[in-house]
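Below is coords10.csv, holding CSV, C-alpha atoms.
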```csv
chain,number,residue,atom,x,y,z
A,86,MET,CA,48.5,68.5,-15.6
A,87,ASN,CA,48.7,68.0,-19.3
A,88,THR,CA,46.0,68.3,-22.0
A,89,LYS,CA,45.1,64.7,-21.7
A,90,ASP,CA,44.4,65.1,-18.0
A,91,ILE,CA,42.2,68.1,-18.6
A,92,VAL,CA,40.2,66.2,-21.3
A,93,TYR,CA,39.7,63.2,-19.0
A,94,ILE,CA,38.6,65.5,-16.2
A,95,ALA,CA,36.0,67.2,-18.5
A,96,LEU,CA,35.0,63.7,-19.8
A,97,PHE,CA,34.0,62.4,-16.3
A,98,ALA,CA,32.3,65.6,-15.4
A,99,ALA,CA,30.2,65.1,-18.5
A,100,VAL,CA,29.6,61.4,-17.8
A,101,THR,CA,28.3,62.4,-14.4
A,102,ALA,CA,26.0,64.9,-16.0
A,103,VAL,CA,24.7,62.2,-18.5
A,104,LEU,CA,24.1,59.7,-15.7
A,105,GLY,CA,21.7,62.3,-14.3
A,106,LEU,CA,19.6,62.0,-17.5
A,107,PHE,CA,18.6,58.4,-16.6
A,108,PRO,CA,15.2,58.4,-14.9
A,109,PRO,CA,15.4,57.3,-11.2
A,110,ILE,CA,14.4,53.7,-10.6
A,111,THR,CA,12.0,53.1,-7.7
A,112,LEU,CA,12.9,50.0,-5.7
A,113,PRO,CA,10.1,47.7,-4.5
A,114,VAL,CA,10.4,49.3,-1.0
A,115,GLY,CA,9.6,52.7,-2.5
A,116,VAL,CA,13.0,54.3,-2.3
A,117,PRO,CA,14.1,56.1,-5.5
A,118,VAL,CA,17.6,55.3,-6.8
A,119,THR,CA,19.4,57.6,-9.3
A,120,ALA,CA,22.3,56.6,-11.4
A,121,GLN,CA,24.1,59.9,-10.9
A,122,SER,CA,26.1,59.0,-7.8
A,123,LEU,CA,27.8,56.4,-10.0
A,124,GLY,CA,29.6,59.4,-11.5
A,125,PRO,CA,31.9,60.1,-8.5
A,126,MET,CA,32.5,56.4,-8.0
A,127,LEU,CA,33.6,55.9,-11.6
A,128,ALA,CA,35.6,59.1,-11.7
A,129,GLY,CA,37.6,58.2,-8.7
A,130,ALA,CA,38.0,54.5,-9.6
A,131,ILE,CA,39.0,55.1,-13.2
A,132,LEU,CA,40.9,58.4,-13.1
A,133,GLY,CA,42.5,58.2,-9.6
A,134,ALA,CA,42.4,60.7,-6.7
A,135,ARG,CA,43.5,64.0,-8.2
A,136,ARG,CA,41.8,63.8,-11.6
A,137,GLY,CA,38.8,62.1,-10.3
A,138,GLY,CA,38.3,64.7,-7.5
A,139,LEU,CA,38.8,67.5,-10.0
A,140,ALA,CA,36.3,66.0,-12.5
A,141,ILE,CA,33.6,66.0,-9.8
A,142,LEU,CA,34.6,69.4,-8.6
A,143,LEU,CA,34.2,70.7,-12.1
A,144,PHE,CA,30.7,69.1,-12.3
A,145,VAL,CA,29.7,70.7,-9.0
A,146,VAL,CA,30.9,74.1,-10.1
A,147,LEU,CA,28.9,73.8,-13.4
A,148,VAL,CA,25.8,72.9,-11.3
A,149,ALA,CA,26.5,75.9,-9.0
A,150,VAL,CA,26.6,78.3,-11.9
A,151,GLY,CA,23.1,77.2,-12.9
A,152,LEU,CA,23.3,74.3,-15.4
A,153,PRO,CA,20.5,71.9,-14.8
A,154,LEU,CA,22.8,68.9,-14.7
A,155,LEU,CA,21.6,67.2,-11.5
A,156,SER,CA,19.1,64.3,-11.9
A,157,GLY,CA,15.6,65.7,-12.3
A,158,GLY,CA,17.1,68.8,-14.1
A,159,ARG,CA,18.1,70.6,-10.9
A,160,GLY,CA,20.9,73.1,-10.8
A,161,GLY,CA,21.8,76.5,-9.5
A,162,PHE,CA,23.3,77.7,-6.2
A,163,GLY,CA,20.2,76.9,-4.2
A,164,VAL,CA,20.9,73.2,-4.5
A,165,PHE,CA,23.7,73.5,-2.0
A,166,PHE,CA,21.5,75.1,0.6
A,167,GLY,CA,18.9,72.2,0.3
A,168,ALA,CA,18.8,69.1,2.4
A,169,THR,CA,20.7,67.0,-0.3
A,170,GLY,CA,23.4,69.7,-0.9
A,171,GLY,CA,25.9,68.0,1.4
A,172,PHE,CA,25.8,64.8,-0.7
A,173,ILE,CA,26.7,66.7,-3.8
A,174,ILE,CA,29.6,68.5,-2.1
A,175,GLY,CA,30.5,65.1,-0.6
A,176,TRP,CA,30.9,63.6,-4.1
A,177,VAL,CA,34.1,65.6,-4.6
A,178,VAL,CA,35.7,64.2,-1.5
A,179,ALA,CA,34.2,60.7,-2.3
A,180,ALA,CA,35.8,60.7,-5.7
A,181,PHE,CA,39.1,61.8,-4.2
A,182,VAL,CA,39.1,59.1,-1.5
A,183,ILE,CA,38.0,56.4,-3.9
A,184,GLY,CA,40.8,57.4,-6.3
A,185,PHE,CA,43.3,57.5,-3.4
A,186,LEU,CA,42.4,54.0,-2.3
A,187,ILE,CA,42.3,52.5,-5.8
A,188,GLU,CA,45.8,53.9,-6.5
A,189,LYS,CA,47.0,52.3,-3.2
A,190,PHE,CA,45.6,48.9,-4.2
A,191,TRP,CA,46.3,49.3,-7.9
A,192,HIS,CA,48.8,46.4,-8.2
A,193,ARG,CA,46.6,44.0,-6.2
A,194,LEU,CA,43.2,45.3,-7.3
A,195,ASN,CA,40.5,42.6,-7.2
A,196,VAL,CA,36.8,42.5,-6.6
A,197,VAL,CA,37.3,42.9,-2.8
A,198,THR,CA,39.8,45.7,-2.7
A,199,ALA,CA,38.0,47.6,-5.5
A,200,ALA,CA,34.6,47.2,-3.9
A,201,ALA,CA,35.9,48.2,-0.5
A,202,SER,CA,37.6,51.3,-1.9
A,203,ILE,CA,34.4,52.4,-3.7
A,204,ALA,CA,32.2,51.7,-0.7
A,205,ILE,CA,34.4,53.6,1.7
A,206,GLY,CA,34.5,56.7,-0.5
A,207,GLY,CA,31.2,56.6,-2.3
A,208,VAL,CA,29.0,55.4,0.7
A,209,ILE,CA,30.7,56.1,4.0
A,210,VAL,CA,32.5,59.3,3.2
A,211,ASP,CA,29.6,60.7,1.2
A,212,TYR,CA,27.0,60.0,3.9
A,213,ALA,CA,29.3,61.3,6.6
A,214,ILE,CA,29.4,64.7,4.8
A,215,GLY,CA,25.8,64.6,3.4
A,216,ASN,CA,24.2,63.9,6.7
A,217,ILE,CA,25.7,67.1,8.2
A,218,TRP,CA,23.4,69.0,5.7
A,219,VAL,CA,20.4,66.8,6.3
A,220,ALA,CA,20.8,67.3,10.1
A,221,ALA,CA,21.2,71.1,9.8
A,222,VAL,CA,18.4,71.7,7.2
A,223,VAL,CA,15.8,69.3,8.6
A,224,LYS,CA,16.9,70.3,12.2
A,225,ILE,CA,17.3,66.7,13.4
A,226,SER,CA,20.3,65.1,15.1
A,227,TYR,CA,23.2,63.7,13.1
A,228,TRP,CA,22.3,60.3,14.4
A,229,GLN,CA,18.6,60.6,13.4
A,230,ALA,CA,19.8,61.7,9.9
A,231,THR,CA,22.1,58.7,9.6
A,232,VAL,CA,19.4,56.2,10.6
A,233,GLY,CA,17.0,57.7,8.2
A,234,MET,CA,19.4,56.9,5.3
A,235,ALA,CA,19.3,53.2,5.8
A,236,PRO,CA,16.7,52.4,3.0
A,237,PHE,CA,19.0,54.1,0.5
A,238,LEU,CA,21.8,51.7,1.2
A,239,ILE,CA,20.1,49.1,-1.1
A,240,GLY,CA,20.6,51.4,-4.1
A,241,ASP,CA,24.1,52.2,-3.0
A,242,GLY,CA,25.0,48.5,-2.8
A,243,ILE,CA,23.9,48.1,-6.4
A,244,LYS,CA,25.9,51.2,-7.5
A,245,VAL,CA,29.1,50.0,-5.7
A,246,ALA,CA,28.7,46.6,-7.5
A,247,ILE,CA,28.3,48.3,-10.9
A,248,ALA,CA,31.2,50.7,-10.3
A,249,THR,CA,33.5,47.8,-9.1
A,250,ILE,CA,32.8,45.7,-12.2
A,251,ALA,CA,33.3,48.8,-14.5
A,252,CYS,CA,36.5,49.7,-12.7
A,253,LEU,CA,38.0,46.3,-13.1
A,254,ALA,CA,36.9,46.0,-16.7
A,255,VAL,CA,38.4,49.4,-17.6
A,256,LYS,CA,41.6,48.6,-15.7
A,257,ARG,CA,42.0,45.6,-18.1
A,258,ALA,CA,41.0,47.4,-21.3
A,259,TYR,CA,42.2,50.9,-20.8
A,260,PRO,CA,44.2,51.5,-17.6
A,261,LEU,CA,44.7,55.2,-16.8
A,262,ILE,CA,46.1,55.1,-13.3
A,263,SER,CA,49.4,53.2,-13.8
A,264,ARG,CA,50.1,55.2,-16.9
A,265,SER,CA,50.2,58.4,-15.0
A,266,ARG,CA,52.8,57.4,-12.5
B,1167,MET,CA,19.2,70.2,-23.0
B,1168,ILE,CA,22.0,72.2,-21.5
B,1169,ALA,CA,20.7,75.6,-22.5
B,1170,GLY,CA,20.7,76.6,-18.8
B,1171,LEU,CA,17.8,78.1,-17.0
B,1172,TYR,CA,18.3,81.7,-18.2
B,1173,ILE,CA,15.2,83.6,-19.4
B,1174,ALA,CA,16.0,86.7,-21.4
B,1175,GLY,CA,14.8,90.1,-20.1
B,1176,HIS,CA,15.7,93.7,-19.4
B,1177,SER,CA,14.8,94.1,-15.7
B,1178,ALA,CA,17.1,95.7,-13.1
B,1179,LEU,CA,18.1,92.2,-11.9
B,1180,HIS,CA,19.0,91.1,-15.4
B,1181,ARG,CA,21.3,94.1,-15.7
B,1182,VAL,CA,23.2,93.6,-12.4
B,1183,ALA,CA,26.7,92.1,-13.0
B,1184,ALA,CA,26.9,88.3,-12.5
B,1185,GLY,CA,29.5,88.6,-9.8
B,1186,GLY,CA,27.2,91.0,-7.8
B,1187,LYS,CA,24.3,88.5,-7.9
B,1188,ILE,CA,26.5,85.6,-6.8
B,1189,LEU,CA,27.7,87.8,-3.9
B,1190,ALA,CA,24.1,88.7,-3.0
B,1191,LEU,CA,23.2,85.0,-2.9
B,1192,MET,CA,26.1,84.2,-0.7
B,1193,VAL,CA,25.1,87.0,1.7
B,1194,LEU,CA,21.4,85.9,1.7
B,1195,GLY,CA,22.4,82.2,2.1
B,1196,THR,CA,24.5,83.0,5.2
B,1197,GLY,CA,22.1,85.6,6.5
B,1198,VAL,CA,18.9,83.5,6.7
B,1199,PHE,CA,20.8,81.0,8.9
B,1200,LEU,CA,21.6,83.7,11.4
B,1201,ILE,CA,17.9,84.7,11.7
B,1202,ALA,CA,15.8,82.4,13.9
B,1203,ASP,CA,12.5,84.5,14.0
B,1204,TRP,CA,9.8,83.2,11.6
B,1205,PRO,CA,8.2,86.6,11.1
B,1206,VAL,CA,11.5,88.1,9.9
B,1207,LEU,CA,12.1,85.1,7.6
B,1208,ALA,CA,8.6,85.5,6.2
B,1209,ALA,CA,9.4,89.1,5.3
B,1210,VAL,CA,12.6,88.0,3.6
B,1211,LEU,CA,10.7,85.4,1.6
B,1212,MET,CA,8.1,88.1,0.6
B,1213,VAL,CA,10.9,90.3,-0.7
B,1214,VAL,CA,12.2,87.4,-2.8
B,1215,LEU,CA,8.7,86.6,-4.1
B,1216,VAL,CA,8.2,90.3,-5.1
B,1217,LEU,CA,11.4,90.2,-7.1
B,1218,TYR,CA,9.9,87.7,-9.5
B,1219,PRO,CA,7.2,90.0,-11.0
B,1220,LEU,CA,9.8,92.9,-10.8
B,1221,SER,CA,12.1,90.8,-13.0
B,1222,GLY,CA,9.3,90.2,-15.5
B,1223,PHE,CA,8.5,86.6,-14.4
B,1224,GLY,CA,4.9,85.6,-14.0
B,1225,TRP,CA,3.5,83.2,-11.4
B,1226,HIS,CA,3.9,80.3,-13.7
B,1227,ILE,CA,7.7,80.6,-13.7
B,1228,LEU,CA,7.7,81.0,-9.9
B,1229,TRP,CA,5.5,77.9,-9.6
B,1230,VAL,CA,7.9,75.9,-11.9
B,1231,GLN,CA,10.8,76.8,-9.5
B,1232,ALA,CA,8.8,76.2,-6.4
B,1233,ARG,CA,7.1,72.9,-7.3
B,1234,PRO,CA,10.0,70.5,-7.0
B,1235,MET,CA,10.6,71.5,-3.4
B,1236,ILE,CA,7.0,71.6,-2.1
B,1237,TRP,CA,6.8,68.0,-0.9
B,1238,LEU,CA,10.2,68.4,0.7
B,1239,LEU,CA,9.0,71.5,2.6
B,1240,VAL,CA,5.9,69.7,3.7
B,1241,LEU,CA,8.1,66.8,4.9
B,1242,PHE,CA,10.5,69.1,6.8
B,1243,PHE,CA,7.5,70.9,8.4
B,1244,ALA,CA,6.1,67.6,9.5
B,1245,VAL,CA,9.4,66.4,11.0
B,1246,GLN,CA,9.7,69.7,12.9
B,1247,LEU,CA,6.1,69.5,14.2
B,1248,TRP,CA,6.9,66.0,15.4
B,1249,LEU,CA,10.3,66.8,17.0
B,1250,ASN,CA,9.8,70.5,18.1
B,1251,ASP,CA,6.9,72.8,17.4
B,1252,TRP,CA,5.2,74.7,14.5
B,1253,GLN,CA,7.4,77.8,14.9
B,1254,ALA,CA,10.5,75.7,14.3
B,1255,GLY,CA,8.8,74.2,11.3
B,1256,LEU,CA,8.0,77.6,9.8
B,1257,VAL,CA,11.7,78.7,10.4
B,1258,VAL,CA,13.0,75.7,8.4
B,1259,VAL,CA,10.5,76.0,5.6
B,1260,LEU,CA,10.7,79.8,5.2
B,1261,ARG,CA,14.5,79.8,5.3
B,1262,LEU,CA,14.8,77.1,2.6
B,1263,ALA,CA,12.1,78.6,0.4
B,1264,ALA,CA,13.8,82.0,0.5
B,1265,ILE,CA,17.3,80.7,-0.5
B,1266,VAL,CA,16.1,78.3,-3.2
B,1267,LEU,CA,13.8,80.8,-4.8
B,1268,PHE,CA,16.4,83.6,-4.7
B,1269,ALA,CA,19.1,81.2,-6.2
B,1270,ALA,CA,16.6,80.3,-8.9
B,1271,LEU,CA,16.1,84.0,-9.6
B,1272,VAL,CA,19.9,84.5,-10.0
B,1273,THR,CA,20.1,81.7,-12.5
B,1274,LEU,CA,16.9,82.8,-14.3
B,1275,THR,CA,18.3,86.3,-14.8
B,1276,THR,CA,22.0,85.5,-15.6
B,1277,LYS,CA,23.3,83.9,-18.7
B,1278,THR,CA,25.4,80.8,-18.1
B,1279,SER,CA,28.2,82.3,-20.2
B,1280,ALA,CA,28.2,85.4,-17.9
B,1281,LEU,CA,28.4,83.3,-14.8
B,1282,LEU,CA,31.3,81.3,-16.3
B,1283,ALA,CA,33.0,84.5,-17.3
B,1284,ALA,CA,32.6,85.9,-13.7
B,1285,LEU,CA,34.0,82.6,-12.4
B,1286,GLU,CA,37.0,82.8,-14.7
B,1287,ARG,CA,37.7,86.4,-13.5
B,1288,ALA,CA,37.2,85.3,-9.9
B,1289,MET,CA,39.8,82.6,-10.4
B,1290,GLY,CA,42.5,85.1,-11.4
B,1291,PRO,CA,44.0,85.3,-7.8
B,1292,LEU,CA,44.2,81.5,-7.7
B,1293,ARG,CA,46.9,81.7,-10.4
B,1294,ARG,CA,49.4,82.1,-7.5
B,1295,LEU,CA,48.3,78.8,-6.2
B,1296,GLY,CA,49.1,77.1,-9.5
B,1297,VAL,CA,45.6,77.2,-11.0
B,1298,ASN,CA,45.6,78.2,-14.6
B,1299,PRO,CA,42.3,79.9,-15.5
B,1300,GLN,CA,42.7,79.1,-19.2
B,1301,LYS,CA,42.9,75.4,-18.4
B,1302,VAL,CA,39.8,75.6,-16.2
B,1303,SER,CA,38.1,77.5,-19.0
B,1304,LEU,CA,39.0,74.8,-21.5
B,1305,ALA,CA,37.7,72.1,-19.1
B,1306,PHE,CA,34.3,74.0,-18.8
B,1307,SER,CA,33.9,74.3,-22.5
B,1308,LEU,CA,34.8,70.6,-23.0
B,1309,VAL,CA,32.2,69.4,-20.6
B,1310,LEU,CA,29.5,71.4,-22.4
B,1311,ARG,CA,30.7,69.9,-25.7
B,1312,PHE,CA,31.0,66.3,-24.3
B,1313,ILE,CA,27.5,66.0,-22.8
B,1314,PRO,CA,25.6,65.7,-26.1
B,1315,VAL,CA,28.3,63.5,-27.5
B,1316,ILE,CA,28.2,61.1,-24.6
B,1317,ALA,CA,24.4,61.0,-24.7
B,1318,GLN,CA,24.7,60.1,-28.4
B,1319,VAL,CA,27.3,57.4,-27.8
B,1320,ALA,CA,25.1,56.0,-25.0
B,1321,SER,CA,22.1,55.7,-27.3
B,1322,GLU,CA,24.2,54.0,-30.0
B,1323,ILE,CA,25.5,51.4,-27.5
B,1324,ARG,CA,22.0,50.9,-26.2
B,1325,ASP,CA,20.7,50.1,-29.7
B,1326,ALA,CA,23.6,47.7,-30.2
B,1327,GLN,CA,22.9,46.0,-26.9
B,1328,ARG,CA,19.2,45.8,-27.6
B,1329,ALA,CA,20.1,43.7,-30.6
B,1330,ARG,CA,21.8,41.3,-28.2
B,1331,GLY,CA,18.9,41.4,-25.7
B,1332,LEU,CA,21.0,43.4,-23.2
B,1333,ASP,CA,19.2,46.7,-23.2
B,1334,LYS,CA,18.1,46.4,-19.6
B,1335,SER,CA,21.7,45.9,-18.3
B,1336,ILE,CA,23.3,49.2,-17.1
B,1337,LEU,CA,26.7,47.3,-17.0
B,1338,ALA,CA,26.4,46.4,-20.7
B,1339,LEU,CA,26.0,50.1,-21.3
B,1340,ILE,CA,28.5,51.7,-18.9
B,1341,VAL,CA,31.7,49.7,-19.7
B,1342,PRO,CA,31.6,50.1,-23.5
B,1343,LEU,CA,30.5,53.7,-23.0
B,1344,ILE,CA,33.6,54.5,-20.8
B,1345,ILE,CA,36.1,52.8,-23.0
B,1346,ARG,CA,34.7,54.4,-26.2
B,1347,THR,CA,34.6,57.8,-24.7
B,1348,LEU,CA,38.1,57.4,-23.2
B,1349,LYS,CA,39.4,56.7,-26.7
B,1350,MET,CA,37.6,59.7,-28.0
B,1351,ALA,CA,39.1,61.8,-25.2
B,1352,ASP,CA,42.6,60.8,-26.3
B,1353,ASP,CA,41.9,61.9,-29.8
B,1354,VAL,CA,40.4,65.2,-28.6
B,1355,ALA,CA,43.6,65.8,-26.4
B,1356,ASP,CA,45.8,65.1,-29.5
B,1357,ALA,CA,43.8,67.5,-31.6
B,1358,ILE,CA,44.1,70.2,-28.9
B,1359,ASP,CA,47.8,69.7,-28.6
B,1360,ALA,CA,48.2,69.7,-32.4
B,1361,ARG,CA,46.6,73.2,-32.4
B,1362,SER,CA,49.3,74.3,-29.9
B,1363,PHE,CA,47.2,74.8,-26.9
B,1364,ASP,CA,49.7,75.7,-24.2
B,1365,ALA,CA,48.9,73.4,-21.3
B,1366,ASP,CA,51.9,74.5,-19.2
```
Could you write out this file's structure as structure tokens?
Amino acid sequence: MNTKDIVYIALFAAVTAVLGLFPPITLPVGVPVTAQSLGPMLAGAILGARRGGLAILLFVVLVAVGLPLLSGGRGGFGVFFGATGGFIIGWVVAAFVIGFLIEKFWHRLNVVTAAASIAIGGVIVDYAIGNIWVAAVVKISYWQATVGMAPFLIGDGIKVAIATIACLAVKRAYPLISRSR
Amino acid sequence: MIAGLYIAGHSALHRVAAGGKILALMVLGTGVFLIADWPVLAAVLMVVLVLYPLSGFGWHILWVQARPMIWLLVLFFAVQLWLNDWQAGLVVVLRLAAIVLFAALVTLTTKTSALLAALERAMGPLRRLGVNPQKVSLAFSLVLRFIPVIAQVASEIRDAQRARGLDKSILALIVPLIIRTLKMADDVADAIDARSFDAD
């Protein structure tokens, strides 16, 4: 891990924090969508598994020590005991999984493989982990928690699309994954 | 913007070492999940509430901490009432309120720098696993420095895209933002290396 890697990791932790400053957009169906979960998608897709996962881990640790970096100015240890705590911890794994898949597909990366990688990590993996917290905190079954998340998938679809286009554009302009191996 | 949530004071809780407070929070966070009686949990919450005036915080500060979670608590209570009974609802609500308010209290009474320093010390044993605490420390400081810079670059790009009529497009913001800040990151890394930061 050289200095450049450390700086990239810090950069994407900061990008994730800045994404939390954008006010949530409320969809016509009444579901709020925040830009922040784009952070783990971008970190994984642009930095790869190891650096992407560490960037989000760094962000999560900074939130845990009390910086109000989550969207809506939330922060502190209590966040991880709340219903949405699992999604935030899940971001670390999501960024890693996205990075792992993007690295696997790197030489034949296109809209389909990039979008699939980002959706598997950023949506499926993150919900699989997040719903454990939702089920435990709200005391409902894991299945009920999963069904309850359906309206949020609209926002997730938009974010996967944005992250896919950004990932492909950055690969063309400033590739960081092939350079590291 | 990233001043943290700390509010200066001289109470007993302000003076407890950061590491001790984090440990207390972990114990409380685990403890309340082992208790399933609502009267006991109500007593725990009362203790946490009393700690606010004891640490020199008025009701206003307590309210600011509690307000964001109130609708969530109402929702959780309603879900429990529907699926189980009101006792189960109280258990969920009291548990959550006690942890979140205590966690807020820890962050209110501890400087971010003290929490980070405690963290760097706690990472000492990880050295054997190949984690370099100095590198982690560098990364922490870089994030704090990058946040205002990225926000600044974002607003510049927004202005530029507004001139092109693209200010509503998040894509027209994100791609140039990432590429510009990646270039900046390379310069920052070169500057750090030029000052002989020992990365390995």
Margin query: Need to verify the contact set: Phe1268 in chain B, 9 Å, all atoms listed in the file, exclusion of same-chain residues closer than 3 positions in sequence. Can you return it as a ChimeraX atom specification?
Written below: /A:163 /B:1191,1194,1211,1214-1215,1217,1263-1265,1271-1273
| Looking at only C-alpha atoms, which of A:Ile187, A:Ile214, A:Leu152, A:Val232 is the one that sits closest to chain B? |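 Going through A:Ile187, A:Ile214, A:Leu152, A:Val232 one by one, the smallest distance to chain B is for A:Leu152.
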What is the CA of Leu1179 in chain B to CA of Leu1220 in chain B distance in Å?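 These atoms are spaced 8.4 Å apart.
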Please provide as a ChimeraX atom specification all residues within 9 Å of Leu127 in chain A, with the sequence filter that same-chain residues fewer than 2 positions apart are discarded (counting only C-alpha atoms).
/A:97,101,122-125,129-132,137,180,183,203,248-249,251-252
CA of Ala1351 in chain B to CA of Gly1331 in chain B measures 28.7 Å
Per-residue nearest contacts chain A to chain B, cut-off 7 Å, using only C-alpha atoms, as JSON lines:
```
{"residue": "A:Asn87", "atom": "CA", "partner": "B:Ala1365", "partner_atom": "CA", "distance": 5.8}
{"residue": "A:Thr88", "atom": "CA", "partner": "B:Ala1355", "partner_atom": "CA", "distance": 5.6}
{"residue": "A:Lys89", "atom": "CA", "partner": "B:Ala1355", "partner_atom": "CA", "distance": 5.1}
{"residue": "A:Ile91", "atom": "CA", "partner": "B:Ala1305", "partner_atom": "CA", "distance": 6.0}
{"residue": "A:Val92", "atom": "CA", "partner": "B:Ala1351", "partner_atom": "CA", "distance": 6.0}
{"residue": "A:Tyr93", "atom": "CA", "partner": "B:Ala1351", "partner_atom": "CA", "distance": 6.4}
{"residue": "A:Ala95", "atom": "CA", "partner": "B:Val1309", "partner_atom": "CA", "distance": 4.9}
{"residue": "A:Leu96", "atom": "CA", "partner": "B:Val1309", "partner_atom": "CA", "distance": 6.4}
{"residue": "A:Ala98", "atom": "CA", "partner": "B:Val1309", "partner_atom": "CA", "distance": 6.4}
{"residue": "A:Ala99", "atom": "CA", "partner": "B:Ile1313", "partner_atom": "CA", "distance": 5.2}
{"residue": "A:Val100", "atom": "CA", "partner": "B:Ile1316", "partner_atom": "CA", "distance": 6.9}
{"residue": "A:Val103", "atom": "CA", "partner": "B:Ala1317", "partner_atom": "CA", "distance": 6.3}
{"residue": "A:Val150", "atom": "CA", "partner": "B:Leu1281", "partner_atom": "CA", "distance": 6.1}
{"residue": "A:Gly151", "atom": "CA", "partner": "B:Thr1273", "partner_atom": "CA", "distance": 5.4}
{"residue": "A:Leu152", "atom": "CA", "partner": "B:Gly1170", "partner_atom": "CA", "distance": 4.9}
{"residue": "A:Pro153", "atom": "CA", "partner": "B:Gly1170", "partner_atom": "CA", "distance": 6.2}
{"residue": "A:Gly161", "atom": "CA", "partner": "B:Thr1273", "partner_atom": "CA", "distance": 6.2}
{"residue": "A:Phe162", "atom": "CA", "partner": "B:Ala1269", "partner_atom": "CA", "distance": 5.5}
{"residue": "A:Gly163", "atom": "CA", "partner": "B:Val1266", "partner_atom": "CA", "distance": 4.4}
{"residue": "A:Gly167", "atom": "CA", "partner": "B:Leu1262", "partner_atom": "CA", "distance": 6.8}
{"residue": "A:Val222", "atom": "CA", "partner": "B:Val1258", "partner_atom": "CA", "distance": 6.8}
{"residue": "A:Val223", "atom": "CA", "partner": "B:Phe1242", "partner_atom": "CA", "distance": 5.6}
{"residue": "A:Ile247", "atom": "CA", "partner": "B:Leu1337", "partner_atom": "CA", "distance": 6.4}
{"residue": "A:Ala251", "atom": "CA", "partner": "B:Val1341", "partner_atom": "CA", "distance": 5.5}
{"residue": "A:Val255", "atom": "CA", "partner": "B:Ile1345", "partner_atom": "CA", "distance": 6.8}
{"residue": "A:Tyr259", "atom": "CA", "partner": "B:Ile1345", "partner_atom": "CA", "distance": 6.8}
```
Keeping only C-alpha atoms, write the selected residues as a tab-separated table (two decimals), keeping the file's coordinate frame.
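Contents of again_10.tsv, as written:
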```tsv
chain	number	residue	atom	x	y	z
A	87	ASN	CA	48.70	68.00	-19.30
A	88	THR	CA	46.00	68.30	-22.00
A	89	LYS	CA	45.10	64.70	-21.70
A	91	ILE	CA	42.20	68.10	-18.60
A	92	VAL	CA	40.20	66.20	-21.30
A	93	TYR	CA	39.70	63.20	-19.00
A	95	ALA	CA	36.00	67.20	-18.50
A	96	LEU	CA	35.00	63.70	-19.80
A	98	ALA	CA	32.30	65.60	-15.40
A	99	ALA	CA	30.20	65.10	-18.50
A	100	VAL	CA	29.60	61.40	-17.80
A	103	VAL	CA	24.70	62.20	-18.50
A	150	VAL	CA	26.60	78.30	-11.90
A	151	GLY	CA	23.10	77.20	-12.90
A	152	LEU	CA	23.30	74.30	-15.40
A	153	PRO	CA	20.50	71.90	-14.80
A	161	GLY	CA	21.80	76.50	-9.50
A	162	PHE	CA	23.30	77.70	-6.20
A	163	GLY	CA	20.20	76.90	-4.20
A	167	GLY	CA	18.90	72.20	0.30
A	222	VAL	CA	18.40	71.70	7.20
A	223	VAL	CA	15.80	69.30	8.60
A	247	ILE	CA	28.30	48.30	-10.90
A	251	ALA	CA	33.30	48.80	-14.50
A	255	VAL	CA	38.40	49.40	-17.60
A	259	TYR	CA	42.20	50.90	-20.80
```
Could you state the separation of CA of Ala1329 in chain B and CA of Ile243 in chain A in Å, given to one decimal place?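 Separation of CA of Ala1329 in chain B and CA of Ile243 in chain A: 24.9 Å.
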Need the shell around Gly233 in chain A: protein/DNA/RNA residues with any atom at most 10 Å away, counting only C-alpha atoms. Skip same-chain ones fewer than 6 positions apart. Format as a PyMOL selection string?
chain A and resi 216+219+227
Among A:Ala120, A:Val208, A:Val146, A:Leu104, Ala235 in chain A is approached most closely, using all atoms listed in the file, by A:Val208
